[in-house]
Amino acid sequence: MTLLAIENLSKRFSSGGRAVAAVGDVSLTLEPGETLGLVGASGSGKSTLARILMRLLPADAGSIRFEGEDWLSLSGTDLRRHRARMQMVFQDVLGAFNPRATVASVLDDPLRIHDIVPKAGRAQEIAALLDRVGLPASYAGRSIREVSGGQRQRIAIARAIATKPSLIVLDEAVSALDVSIRGRILELLVELQEERGISYLFVSHDLAVLRAVSHRIAVMEAGRLVETGPMRQVIENPQSPAAKALVNAVPRLVTQPTEGPFHDV
Amino acid sequence: MSTLCEIRDLTVTYRGQRIPALNRIDLDIVAGERLAIIGESGSGKSTLARAVAGLLPLGAKLAGEMRWSSGQPPLPGRDLGFVFQDPSSSLNPVLDIGEQVAEGARRHLGLSWKTAYVRALKMLERVRIAEPQKAMRAFPHQLSGGQRQRVAIAAALAAKPGILIADEATSALDMVVQAEIVSLLDELVREAGMTLIFITHDIALASGFADRVAIFKDGNLVESGLTGNVLASPSEAYTRTLIASHRDLATPPLIREAAP
């Protein structure tokens, strides 16, 4: 059964007296265990779409079905209960945490709020979550500010999987990380998906990152979905001008010996 | 090829820190070259840029030497332009674009405001700002990130400096805009015969247009050389790791490709 179906979703913002369609009539679906890479330039509406999906912003029109529920009409206790099934990991790893929190309290919150594990078992569950994302259990007592950017993103992932979600929305989740750390975080995400059947909506402006983890890719431009298809099809044979521009913009590693005026320096 | 600056045994330690941000660096900057300084967070690449530009914060301790061929360090703004990662913080939010670009030309080229404004308009055309006449009267917040970075480049180049330092100047931009800004910088620097020092975390981006690269890690210079030589046959393990960590559209995906 389709996990997520977004239909004709729209959202307008007013900017300088004009109404701008941040998201215009977007429809897309996501299957269990699938990663959909959502790519577009700055201002294409991809993050707005992710925020509507997370119920951080209201939509103007359209509908979302998630796990068979009318997701946009859920409210109160129902919404809180179902939120456990849809989690999010942001780009700004420090801004996504209470700066005074410890690693343990960050992971304890979702376990308590969503009643995942009774109090007596939480320390053990926190240790298991840390272990699962490749961090030692001794990290539990540290302040969230004491750990490195890559470790903090592992903790954000641990927090996201704590509630046993079926979908995680990743909004530029590796963009701020150094390249050597980025690869290991992507590997962790793929492992977790294979192990738990989690679906990802992976929002990024970087096609090289999406290529590593996405089964399908959707391209947004100026609020509209301009192209969707299997990963290889979109990257190897892009149809829309937006997809072509994104493919051409990925820096290629040039390893040819240098030519030109500095050849003999 | 003449050496513009010989950096010898340069160590920089920020106030209150015990460990230097840059540790005994030896590096030559060649006049007219495009030199990429490559490193991850904490590598010291921005510290090097600031040391070269004379823009280290007060209280930073500097040891070693920077020998400039002209006999004295370049004057920021006149001899050396600097483009930062975040154009919103390098532009003054309450001055219109025209004044900000004209200011450098007026001050350092001794132009009148009127002539400086003419030069500013020309610079905005050079960096291909859409509707440059209108942009002259706009404020930074009215432009997109990519347009703001073009303005920052125009302002940095307004006084015709011989050296341009771009410190992660494209990192906050999306990939399409990044590619445009890199080709713009490349073109401007080539035409004017300027020296470009391009600070980046992205080895692939540098590989596309730098003449030489210098790889930094934890405040140390790991290796430097002609771009093609370092990328084709890196002599240090860390450089090999950086190259291996790079992902582009030819890297095998991490997922099993049969869709679920």
# chains A, B, ... in the order shown; residues from 1 in each chain; ligands from 1
$ residues_around --residues "range 231-243 of chain A" --least-positions-apart "2" --cutoff "9 Å" --atoms "only C-alpha atoms" --output "number ranges by chain"
A: 36-37, 39-41, 207, 210-211, 214-221, 226-229, 245-248; B: 249, 257
$ select_by_dssp --residues "range 118-238 of chain A" --states "strand (DSSP E or B)" --output "list in words"
Ser143, Leu167, Ile168, Val169, Leu170, Asp171, Ser199, Tyr200, Leu201, Phe202, Val203, Ser204, Arg216, Ile217, Ala218, Val219, Met220, Glu221, Arg224, Leu225, Val226, Glu227, Thr228, Gly229 and Pro230 of chain A
$ write_last_selection --atoms "C-alpha atoms" --output "compact mmCIF listing (two decimals), in the first residue's frame"
# COMPACT_ATOMS: atom_id res chain seq x y z
CA SER A 143 25.88 18.19 26.37
CA LEU A 167 8.72 8.00 7.11
CA ILE A 168 11.59 10.38 7.82
CA VAL A 169 11.77 13.74 6.05
CA LEU A 170 15.42 14.71 5.59
CA ASP A 171 15.76 18.43 4.80
CA SER A 199 10.80 5.56 3.70
CA TYR A 200 12.71 8.79 3.20
CA LEU A 201 11.69 12.03 1.57
CA PHE A 202 15.16 13.45 1.04
CA VAL A 203 15.15 17.16 0.22
CA SER A 204 18.40 18.55 -1.23
CA ARG A 216 13.20 8.01 -7.48
CA ILE A 217 13.83 11.72 -7.98
CA ALA A 218 11.34 14.58 -8.19
CA VAL A 219 12.48 17.96 -9.52
CA MET A 220 10.85 21.20 -8.39
CA GLU A 221 11.11 24.62 -9.99
CA ARG A 224 5.95 23.21 -9.39
CA LEU A 225 6.94 19.63 -9.86
CA VAL A 226 8.53 19.64 -13.31
CA GLU A 227 9.88 16.10 -13.53
CA THR A 228 9.63 12.80 -11.64
CA GLY A 229 11.16 9.45 -12.46
CA PRO A 230 13.47 6.61 -11.44
$ interface_residues --of "chain B" --to "chain A" --cutoff "8 Å" --atoms "only C-alpha atoms" --output "PyMOL selection string"
chain B and resi 1+33+40-41+173-176+178-179+201+203-205+207-208+211+226-229+231-232+241-242+245-249+251-255+257-260
$ select_by_dssp --residues "range 22-245 of chain A" --states "alpha helix (DSSP H)" --output "PyMOL selection string"
chain A and resi 46-53+76-83+103-113+122-132+149-162+179-196+207-213+231-236+241-245
$ atom_distance --atom1 "CA of Arg81 in chain A" --atom2 "CA of Leu28 in chain A"
24.1 Å
$ residues_around --residues "Glu6 in chain B" --least-positions-apart "2" --cutoff "9 Å" --atoms "only C-alpha atoms" --output "ChimeraX atom specification"
/B:3-4,8,26-30,65-69
$ closest_residue --among "A:Ile155, A:Leu192, A:Leu30, A:Leu49" --to "Thr2 in chain A" --atoms "only C-alpha atoms"
A:Leu30
$ residues_around --residues "Gly134 in chain A" --least-positions-apart "6" --cutoff "10 Å" --atoms "only C-alpha atoms" --output "list in words"
Ala128, Gln151, Arg154, Ile155, Ala158, Ile185 and Leu188 of chain A
$ write_last_selection --atoms "C-alpha atoms" --output "PDB file, in the first residue's frame"
ATOM      1  CA  ALA A 128      20.660   0.926  22.072  1.00  0.00           C
ATOM      2  CA  GLN A 151      27.968  13.165  15.837  1.00  0.00           C
ATOM      3  CA  ARG A 154      23.823  10.931  14.240  1.00  0.00           C
ATOM      4  CA  ILE A 155      21.948  11.932  17.411  1.00  0.00           C
ATOM      5  CA  ALA A 158      18.699   8.437  16.608  1.00  0.00           C
ATOM      6  CA  ILE A 185      25.881   9.468   7.435  1.00  0.00           C
ATOM      7  CA  LEU A 188      23.899   4.893   8.028  1.00  0.00           C
TER       8      LEU A 188
END
$ atom_distance --atom1 "CA of Val213 in chain B" --atom2 "CA of Ile38 in chain B"
7.0 Å
$ closest_residue --among "B:Leu10, B:Ile25, B:Ala172, B:Leu58" --to "Val222 in chain B" --atoms "only C-alpha atoms"
B:Ile25
